[in-house]
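Engineer: Input: one structure, supplied below.
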Amino acid sequence: MSRTATVDRQTGETTIKLSVNLDGTGEGKRSSGVGFLDHMLDLFAKHSLIDLDVTATGDLHVDDHHTTEDIGIALGTAVDQALGNRAGVCRYGHFTLPMDECLVTSAVDMGGRYAFEYHAPIAAHKIGTFDSELVEHFWQSFAANANCNLHVLLHHGRNAHHISECVFKSTARAIRMAIQSDPRSDAIPSTKGVL
């Protein structure tokens, strides 16, 4: 069965078309109008092996907030839809990723319930022109709409760009582990029989 989804999201602030293939190779094009976010989405696709196409227009004359938030919402929604009833997936994933001076652990439960714990502070307020606080906000928006538990922990790191990359890569790797097919079971991974 194909694990794909397309989300068209239109608000007074943004227009987004986003599609995913959970069984891809990390292909696709990202065009959000926010260069740094496109870079992070490229990393996400490459390390999750999710094919990801994103086209967005937003009120960038205000700032990058609404575009970043709404892409997080659309991506979470698409992953949730593509997972369906979650039968046959591993459900849980975790990854600790080093990048230069940074070390980040991400852990995820794609179990159909939302929880978010984020402990990866970035001292610098800006990464180029991008507000660094939007890294956390993107993942909060994703987790709430993917209906998953997501925990992110920065063990150590100083460089704002490196921390952001480390968070996106480690979370992508954790999601990749959680959504992969379980070779030993095609059942829904819960004693409740439903997620």
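So you can find residues: chains in the structure tokens are A, B, ... in the order shown, residues in each start at 1, and ligands are numbered from 1 in order.
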Could you build a table of the residues in region 45-105 of chain A lying no more than 7 Å from region 133-146 of chain A, giving for each the nearest pair of atoms and their separation in Å rounded to one decimal place, using only C-alpha atoms, ordered by chain and ascending residue number, as a tab-separated table?
Structural biologist:
```
residue	atom	partner	partner_atom	distance
A:His65	CA	A:Leu134	CA	6.8
A:Thr68	CA	A:Phe138	CA	6.1
A:Glu69	CA	A:Phe138	CA	5.3
A:Gly72	CA	A:Phe142	CA	4.6
A:Ile73	CA	A:Ser141	CA	5.1
A:Leu75	CA	A:Phe142	CA	6.3
A:Gly76	CA	A:Ala146	CA	4.0
A:Thr77	CA	A:Asn145	CA	5.0
A:Val79	CA	A:Ala146	CA	6.0
A:Asp80	CA	A:Ala146	CA	4.6
```
Engineer: Would you mind exporting the chosen residues as an mmCIF file, in the first residue's frame, restricted to N, CA and C atoms?
Structural biologist:
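And here is the file that came out, selection21.cif:
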```
data_model
loop_
_atom_site.group_PDB
_atom_site.id
_atom_site.type_symbol
_atom_site.label_atom_id
_atom_site.label_comp_id
_atom_site.auth_asym_id
_atom_site.auth_seq_id
_atom_site.Cartn_x
_atom_site.Cartn_y
_atom_site.Cartn_z
ATOM 1 N N HIS A 65 7.740 33.742 10.376
ATOM 2 C CA HIS A 65 7.027 32.957 11.377
ATOM 3 C C HIS A 65 5.889 32.132 10.775
ATOM 4 N N THR A 68 6.984 29.322 8.324
ATOM 5 C CA THR A 68 7.645 28.224 9.030
ATOM 6 C C THR A 68 6.642 27.398 9.819
ATOM 7 N N GLU A 69 5.782 28.064 10.560
ATOM 8 C CA GLU A 69 4.762 27.375 11.351
ATOM 9 C C GLU A 69 3.839 26.544 10.472
ATOM 10 N N GLY A 72 5.367 23.436 9.068
ATOM 11 C CA GLY A 72 5.404 22.428 10.128
ATOM 12 C C GLY A 72 4.058 21.747 10.309
ATOM 13 N N ILE A 73 2.988 22.542 10.286
ATOM 14 C CA ILE A 73 1.628 21.992 10.403
ATOM 15 C C ILE A 73 1.326 21.066 9.227
ATOM 16 N N LEU A 75 3.408 19.531 7.152
ATOM 17 C CA LEU A 75 4.245 18.337 7.149
ATOM 18 C C LEU A 75 3.741 17.319 8.175
ATOM 19 N N GLY A 76 3.419 17.784 9.374
ATOM 20 C CA GLY A 76 2.871 16.882 10.387
ATOM 21 C C GLY A 76 1.574 16.237 9.935
ATOM 22 N N THR A 77 0.691 17.031 9.336
ATOM 23 C CA THR A 77 -0.586 16.518 8.836
ATOM 24 C C THR A 77 -0.371 15.463 7.761
ATOM 25 N N VAL A 79 2.329 13.551 7.218
ATOM 26 C CA VAL A 79 2.903 12.322 7.787
ATOM 27 C C VAL A 79 1.821 11.525 8.507
ATOM 28 N N ASP A 80 0.979 12.202 9.267
ATOM 29 C CA ASP A 80 -0.114 11.540 9.974
ATOM 30 C C ASP A 80 -1.034 10.819 8.991
#
```
Engineer: For the structure I just gave you, how does DSSP split chain A - specifically, which residues are strand (DSSP E)? Reply as a ChimeraX atom specification.
Structural biologist: /A:4-10,14-21,30-31,51-58,92-99,102-109,115-119,126-127,130-131,149-156
Engineer: Sorted by chain and rising residue number, list the residues of region 99-176 of chain A at most 12 Å from region 6-28 of chain A (counting only C-alpha atoms), each with its closest atom pair and distance in Å to one decimal, as CSV.
Structural biologist:
```
residue,atom,partner,partner_atom,distance
A:Asn145,CA,A:Val7,CA,11.9
A:Ala172,CA,A:Gly26,CA,10.7
A:Arg173,CA,A:Gly26,CA,11.8
A:Ile175,CA,A:Leu22,CA,10.1
A:Arg176,CA,A:Leu22,CA,8.6
```
Engineer: I need the residue nearest Pro189 (chain A) from this list: A:Cys90, A:Val152, A:Val167, A:Leu97. Use only C-alpha atoms for the distance.
Structural biologist: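 Closest residue, counting only C-alpha atoms: A:Cys90.
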Engineer: Taking only region 88-168 of chain A into account, list the residues labelled helix (DSSP H, G or I) by DSSP (computed from the backbone), as a ChimeraX atom specification.
Structural biologist: /A:133-146,160-168
Engineer: Quick one: everything within 8 Å of region 154-165 of chain A, counting only C-alpha atoms, minus sequence neighbours fewer than 2 positions away in the same chain. Send it as a ChimeraX atom specification.
Structural biologist: /A:40,43,99-105,119-124,127,132,135,152,167-169
Engineer: Skipping near chain neighbours, those fewer than 6 positions away, what residues fall within 12 Å of Leu195 (chain A) using only C-alpha atoms, listed as a list in words?
Structural biologist: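 Contacts, in chain order: Asp80, Leu83, Gly84, Asn85, Arg86, Ala87, Gly88, Val89, Arg91, Asp109, Met110, Gly111, Gly112, Arg113, Tyr114, Asn147, Cys148, Ala187, Ile188 and Pro189 of chain A.
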Engineer: Which one is closest to Ser32 (chain A): A:Arg184, A:Lys192, A:His66, A:His47? Count only C-alpha atoms.
Structural biologist: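 Using only C-alpha atoms, Ser32 (chain A) sits closest to A:His66.
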Engineer: Of the candidates A:Val194, A:Ile71, A:Gln180, A:Lys29, which one gets nearest to Ala45 (chain A) if we count only C-alpha atoms?
Structural biologist: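 Closest candidate: A:Lys29.
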Engineer: Tell me, in Å to one decimal, how far CA of His125 (chain A) is from CA of Ser48 (chain A).
Structural biologist: 27.3 Å
Engineer: Nearest to Ser170 (chain A) among A:Phe44, A:His39, A:Pro183, A:Arg3, with distances taken over only C-alpha atoms: which residue is it?
Structural biologist: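 Going through A:Phe44, A:His39, A:Pro183, A:Arg3 one by one, the smallest distance to Ser170 (chain A) is for A:Phe44.
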